[in-house]
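Q: Attaching a single structure in C-alpha coordinates format; questions to follow.
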Amino acid sequence: MSTINRRDLLPNLLPNPDDFLIVSGLAGASKDTAGLTDDGANLFTMAGAMGSTVSMGLGVALAAPTQHVLSVAGDGELMMGIGSLATAASMMPNNFTIICIDNGMHAETGGQLGHTSRRTNLAIMAEGAGIPSVLEIDSPNQFAEAAQFITDAPGPRFLWARVTVDPPTAYKRDFDLAARRQIFRTAFQAKNQAD
(Lines give C-alpha, C1' and ligand atoms only; values in the text may rest on other atoms or scores of the structure.)
Protein backbone atom coordinates (compact mmCIF):
# COMPACT_ATOMS: atom_id res chain seq x y z
CA MET A 1 0.00 0.00 0.00
CA SER A 2 1.49 3.32 -1.07
CA THR A 3 1.97 6.21 1.33
CA ILE A 4 3.17 8.74 -1.27
CA ASN A 5 0.91 11.72 -1.86
CA ARG A 6 1.41 12.48 -5.55
CA ARG A 7 1.70 16.22 -4.85
CA ASP A 8 4.87 15.47 -2.86
CA LEU A 9 6.43 13.21 -5.48
CA LEU A 10 7.93 15.40 -8.19
CA PRO A 11 9.20 18.22 -5.93
CA ASN A 12 11.20 15.63 -3.99
CA LEU A 13 12.46 13.76 -7.06
CA LEU A 14 13.31 16.82 -9.14
CA PRO A 15 14.60 19.64 -6.90
CA ASN A 16 15.98 21.39 -10.00
CA PRO A 17 13.37 20.79 -12.72
CA ASP A 18 15.01 23.33 -15.03
CA ASP A 19 17.81 20.79 -15.51
CA PHE A 20 15.44 18.64 -17.60
CA LEU A 21 13.42 18.75 -20.78
CA ILE A 22 10.06 17.30 -19.73
CA VAL A 23 7.19 15.79 -21.69
CA SER A 24 4.20 15.00 -19.52
CA GLY A 25 1.05 13.02 -20.11
CA LEU A 26 -2.57 13.83 -19.67
CA ALA A 27 -4.56 15.22 -16.76
CA GLY A 28 -2.88 14.58 -13.38
CA ALA A 29 0.62 14.07 -14.76
CA SER A 30 0.41 17.36 -16.63
CA LYS A 31 -1.01 19.22 -13.63
CA ASP A 32 1.78 17.85 -11.45
CA THR A 33 4.56 18.79 -13.90
CA ALA A 34 3.05 22.18 -14.75
CA GLY A 35 2.76 22.96 -11.05
CA LEU A 36 6.36 21.88 -10.50
CA THR A 37 7.74 24.07 -13.30
CA ASP A 38 5.09 26.83 -13.26
CA ASP A 39 4.31 25.78 -16.85
CA GLY A 40 7.98 26.30 -17.63
CA ALA A 41 9.44 26.61 -21.09
CA ASN A 42 11.21 23.25 -20.63
CA LEU A 43 7.84 21.47 -20.31
CA PHE A 44 5.54 20.18 -23.02
CA THR A 45 2.24 18.90 -21.65
CA MET A 46 0.03 16.58 -23.65
CA ALA A 47 -3.71 16.95 -24.17
CA GLY A 48 -5.84 14.45 -26.05
CA ALA A 49 -2.92 12.27 -27.16
CA MET A 50 -3.27 9.47 -24.62
CA GLY A 51 -0.50 6.90 -24.79
CA SER A 52 2.03 9.14 -26.54
CA THR A 53 4.09 10.59 -23.71
CA VAL A 54 6.88 8.02 -23.71
CA SER A 55 7.18 8.10 -27.51
CA MET A 56 7.31 11.89 -27.55
CA GLY A 57 9.89 11.97 -24.75
CA LEU A 58 11.95 9.33 -26.53
CA GLY A 59 12.03 11.48 -29.66
CA VAL A 60 13.21 14.47 -27.63
CA ALA A 61 15.89 12.35 -25.93
CA LEU A 62 17.21 11.08 -29.26
CA ALA A 63 17.22 14.59 -30.75
CA ALA A 64 18.94 16.11 -27.70
CA PRO A 65 21.45 13.49 -26.51
CA THR A 66 23.29 15.91 -24.21
CA GLN A 67 20.11 16.87 -22.30
CA HIS A 68 18.35 15.06 -19.46
CA VAL A 69 14.87 14.18 -20.76
CA LEU A 70 11.88 13.03 -18.70
CA SER A 71 8.57 11.54 -19.71
CA VAL A 72 6.01 11.71 -16.91
CA ALA A 73 2.91 9.58 -17.45
CA GLY A 74 0.02 8.19 -15.48
CA ASP A 75 -0.56 4.45 -15.24
CA GLY A 76 -3.62 4.44 -17.54
CA GLU A 77 -1.84 6.40 -20.22
CA LEU A 78 1.28 4.27 -19.99
CA MET A 79 -0.79 1.11 -20.41
CA MET A 80 -2.32 2.56 -23.59
CA GLY A 81 1.16 3.01 -25.10
CA ILE A 82 2.95 0.15 -23.35
CA GLY A 83 4.84 -0.84 -26.49
CA SER A 84 6.80 2.41 -26.25
CA LEU A 85 8.82 0.84 -23.41
CA ALA A 86 10.20 -1.71 -25.87
CA THR A 87 11.03 1.03 -28.36
CA ALA A 88 12.84 3.04 -25.69
CA ALA A 89 14.79 -0.06 -24.67
CA SER A 90 15.70 -0.78 -28.29
CA MET A 91 16.98 2.76 -28.86
CA MET A 92 18.81 2.87 -25.46
CA PRO A 93 19.14 6.65 -24.91
CA ASN A 94 21.17 7.08 -21.73
CA ASN A 95 19.67 10.55 -21.20
CA PHE A 96 16.04 9.35 -20.92
CA THR A 97 13.93 8.71 -17.82
CA ILE A 98 10.31 7.57 -17.68
CA ILE A 99 8.36 8.32 -14.51
CA CYS A 100 5.01 6.60 -14.11
CA ILE A 101 2.79 8.21 -11.47
CA ASP A 102 0.50 5.31 -10.63
CA ASN A 103 -2.61 5.87 -8.53
CA GLY A 104 -4.16 2.59 -9.72
CA MET A 105 -7.19 4.29 -11.17
CA HIS A 106 -8.57 6.36 -14.04
CA ALA A 107 -9.25 9.50 -12.02
CA GLU A 108 -10.27 11.70 -14.95
CA THR A 109 -13.06 9.42 -16.12
CA GLY A 110 -14.70 8.59 -12.81
CA GLY A 111 -12.18 6.76 -10.67
CA GLN A 112 -12.47 3.32 -12.23
CA LEU A 113 -9.82 0.87 -11.02
CA GLY A 114 -6.90 0.48 -13.37
CA HIS A 115 -4.93 -2.67 -14.21
CA THR A 116 -2.17 -1.93 -11.70
CA SER A 117 -4.67 -1.96 -8.84
CA ARG A 118 -5.28 -5.60 -9.68
CA ARG A 119 -2.45 -7.73 -11.07
CA THR A 120 -0.41 -5.73 -13.58
CA ASN A 121 3.20 -5.11 -12.54
CA LEU A 122 4.74 -2.28 -14.55
CA ALA A 123 8.25 -2.94 -13.21
CA ILE A 124 8.17 -6.46 -14.64
CA MET A 125 6.80 -5.12 -17.92
CA ALA A 126 9.59 -2.53 -18.15
CA GLU A 127 12.22 -5.14 -17.37
CA GLY A 128 10.69 -7.48 -19.94
CA ALA A 129 10.79 -4.70 -22.53
CA GLY A 130 14.53 -4.43 -21.93
CA ILE A 131 14.73 -1.21 -19.90
CA PRO A 132 18.10 -1.55 -18.11
CA SER A 133 17.25 0.42 -14.95
CA VAL A 134 13.92 -0.08 -13.18
CA LEU A 135 12.89 1.11 -9.72
CA GLU A 136 9.55 0.86 -7.90
CA ILE A 137 8.76 3.20 -5.00
CA ASP A 138 5.74 3.45 -2.72
CA SER A 139 7.03 5.37 0.33
CA PRO A 140 8.37 8.89 0.91
CA ASN A 141 11.36 7.18 2.56
CA GLN A 142 12.45 6.21 -0.97
CA PHE A 143 12.54 9.75 -2.40
CA ALA A 144 16.32 10.16 -1.99
CA GLU A 145 17.00 6.80 -3.61
CA ALA A 146 14.66 7.64 -6.50
CA ALA A 147 16.19 11.08 -7.05
CA GLN A 148 19.63 9.49 -7.28
CA PHE A 149 18.26 6.79 -9.58
CA ILE A 150 17.03 9.47 -12.01
CA THR A 151 20.45 11.11 -12.25
CA ASP A 152 22.82 8.16 -11.86
CA ALA A 153 21.31 4.88 -13.09
CA PRO A 154 22.12 3.76 -16.65
CA GLY A 155 19.48 4.88 -19.11
CA PRO A 156 16.90 4.56 -20.19
CA ARG A 157 15.40 4.46 -16.71
CA PHE A 158 11.88 3.54 -15.58
CA LEU A 159 10.62 4.77 -12.23
CA TRP A 160 7.31 3.30 -11.13
CA ALA A 161 6.00 5.62 -8.42
CA ARG A 162 2.94 4.16 -6.70
CA VAL A 163 0.95 6.97 -5.10
CA THR A 164 -2.22 7.37 -3.06
CA VAL A 165 -5.49 8.39 -4.73
CA ASP A 166 -5.19 12.01 -3.58
CA PRO A 167 -5.88 14.62 -6.28
CA PRO A 168 -3.07 16.01 -8.44
CA THR A 169 -1.51 19.42 -8.03
CA ALA A 170 -4.10 22.20 -8.34
CA TYR A 171 -2.65 24.05 -11.32
CA LYS A 172 -4.41 25.56 -14.33
CA ARG A 173 -2.05 24.96 -17.21
CA ASP A 174 -1.93 26.75 -20.56
CA PHE A 175 -4.00 24.82 -23.10
CA ASP A 176 -2.80 26.79 -26.13
CA LEU A 177 -0.89 23.80 -27.44
CA ALA A 178 0.41 25.57 -30.55
CA ALA A 179 1.96 28.26 -28.36
CA ARG A 180 3.27 25.69 -25.86
CA ARG A 181 4.88 23.73 -28.69
CA GLN A 182 6.73 26.83 -29.86
CA ILE A 183 7.78 27.74 -26.30
CA PHE A 184 9.15 24.22 -25.77
CA ARG A 185 10.87 24.22 -29.16
CA THR A 186 12.64 27.48 -28.29
CA ALA A 187 13.78 26.08 -24.93
CA PHE A 188 14.91 22.86 -26.61
CA GLN A 189 17.00 24.77 -29.14
CA ALA A 190 18.50 27.04 -26.48
CA LYS A 191 19.57 24.09 -24.32
CA ASN A 192 21.10 22.30 -27.31
CA GLN A 193 23.01 25.40 -28.46
CA ALA A 194 24.38 25.92 -24.95
CA ASP A 195 26.14 22.52 -25.04
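Identifiers in this document derive from the order of the C-alpha coordinates: chains are assigned A, B, ..., residues are numbered from 1 separately in each chain, and ligands are numbered from 1 in order of occurrence.
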Which neighbours of Arg7 in chain A fall inside 10 Å, counting only C-alpha atoms, when residues of the same chain fewer than 5 positions from it are skipped, and could you give them as a PDB file with N, CA and C atoms, in the first residue's frame?
A:
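Wrote part_35.pdb, looks like this:
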```
ATOM      1  N   ASN A  12      10.130  16.344  -4.687  1.00  0.00           N
ATOM      2  CA  ASN A  12      11.204  15.625  -3.992  1.00  0.00           C
ATOM      3  C   ASN A  12      12.126  14.885  -4.946  1.00  0.00           C
ATOM      4  N   GLY A  28      -3.639  14.444 -14.617  1.00  0.00           N
ATOM      5  CA  GLY A  28      -2.881  14.582 -13.382  1.00  0.00           C
ATOM      6  C   GLY A  28      -1.396  14.737 -13.605  1.00  0.00           C
ATOM      7  N   LYS A  31      -0.816  18.257 -14.727  1.00  0.00           N
ATOM      8  CA  LYS A  31      -1.008  19.219 -13.632  1.00  0.00           C
ATOM      9  C   LYS A  31       0.176  19.179 -12.681  1.00  0.00           C
ATOM     10  N   ASP A  32       0.651  17.981 -12.367  1.00  0.00           N
ATOM     11  CA  ASP A  32       1.783  17.847 -11.448  1.00  0.00           C
ATOM     12  C   ASP A  32       3.049  18.478 -12.019  1.00  0.00           C
ATOM     13  N   THR A  33       3.336  18.242 -13.302  1.00  0.00           N
ATOM     14  CA  THR A  33       4.555  18.791 -13.897  1.00  0.00           C
ATOM     15  C   THR A  33       4.426  20.290 -14.142  1.00  0.00           C
ATOM     16  N   GLY A  35       2.623  22.350 -12.364  1.00  0.00           N
ATOM     17  CA  GLY A  35       2.761  22.962 -11.053  1.00  0.00           C
ATOM     18  C   GLY A  35       4.202  23.014 -10.591  1.00  0.00           C
ATOM     19  N   LEU A  36       4.948  21.957 -10.875  1.00  0.00           N
ATOM     20  CA  LEU A  36       6.359  21.885 -10.497  1.00  0.00           C
ATOM     21  C   LEU A  36       7.184  22.961 -11.196  1.00  0.00           C
ATOM     22  N   VAL A 163       1.407   5.867  -5.934  1.00  0.00           N
ATOM     23  CA  VAL A 163       0.949   6.970  -5.096  1.00  0.00           C
ATOM     24  C   VAL A 163      -0.459   6.684  -4.577  1.00  0.00           C
ATOM     25  N   THR A 164      -0.863   7.478  -3.595  1.00  0.00           N
ATOM     26  CA  THR A 164      -2.219   7.374  -3.062  1.00  0.00           C
ATOM     27  C   THR A 164      -3.199   7.984  -4.073  1.00  0.00           C
ATOM     28  N   ASP A 166      -4.977  10.579  -3.777  1.00  0.00           N
ATOM     29  CA  ASP A 166      -5.192  12.014  -3.577  1.00  0.00           C
ATOM     30  C   ASP A 166      -5.177  12.737  -4.925  1.00  0.00           C
ATOM     31  N   PRO A 167      -5.839  13.897  -5.003  1.00  0.00           N
ATOM     32  CA  PRO A 167      -5.881  14.617  -6.276  1.00  0.00           C
ATOM     33  C   PRO A 167      -4.510  15.155  -6.679  1.00  0.00           C
ATOM     34  N   PRO A 168      -4.345  15.440  -7.978  1.00  0.00           N
ATOM     35  CA  PRO A 168      -3.074  16.007  -8.440  1.00  0.00           C
ATOM     36  C   PRO A 168      -2.923  17.455  -7.992  1.00  0.00           C
ATOM     37  N   THR A 169      -1.798  18.030  -8.328  1.00  0.00           N
ATOM     38  CA  THR A 169      -1.510  19.422  -8.034  1.00  0.00           C
ATOM     39  C   THR A 169      -2.605  20.309  -8.625  1.00  0.00           C
ATOM     40  N   ALA A 170      -3.077  21.262  -7.861  1.00  0.00           N
ATOM     41  CA  ALA A 170      -4.096  22.203  -8.341  1.00  0.00           C
ATOM     42  C   ALA A 170      -3.401  23.288  -9.158  1.00  0.00           C
TER      43      ALA A 170
END
```
Q: Need to verify the contact set: range 80-95 of chain A, 7 Å, only C-alpha atoms, exclusion of same-chain residues closer than 2 positions in sequence. Can you return it as a PyMOL selection string?
A: chain A and resi 51-52+54-55+58+61-62+65+67-69+76-78+97+126+129-131+154-156
Q: Just asking: which residues within range 71-140 of chain A are helix (DSSP H, G or I) according to DSSP, as a VMD selection string?
A: chain A and resid 75 to 80 83 to 91 107 to 109 115 to 117 122 to 129 140
Q: Mind listing the strand (DSSP E or B) residues of range 4-180 of chain A, per DSSP on the backbone, as JSON, numbers by chain?
A: {"A": [20, 21, 22, 23, 24, 43, 44, 45, 68, 69, 70, 71, 72, 73, 74, 96, 97, 98, 99, 100, 101, 102, 105, 106, 112, 113, 133, 134, 135, 136, 137, 157, 158, 159, 160, 161, 162]}
Q: Have a look at CA of Trp160 in chain A and CA of Ala73 in chain A and let me know their distance in Å, one decimal.
A: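 Distance between the two atoms: 9.9 Å.
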Q: Do you have the CA of Ala146 in chain A-CA of Phe184 in chain A distance handy?
A: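 Between CA of Ala146 in chain A and CA of Phe184 in chain A the gap is 26.0 Å.
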Q: Using only C-alpha atoms, which of A:Asp8, A:Ile98, A:Met105, A:Thr116 sits nearest Leu135 in chain A?
A: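 Result for the nearest residue to Leu135 in chain A: A:Ile98.
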Q: Could you state the separation of CA of Met50 in chain A and CA of Leu26 in chain A in Å, given to one decimal place?
A: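 Separating CA of Met50 in chain A from CA of Leu26 in chain A is a distance of 6.6 Å.
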Q: Do a neighbour search on Asp75 in chain A at 8 Å with only C-alpha atoms, toss out local chain neighbours closer than 3 positions, and write the hits as a PyMOL selection string.
A: chain A and resi 78-79+100-105+114+116
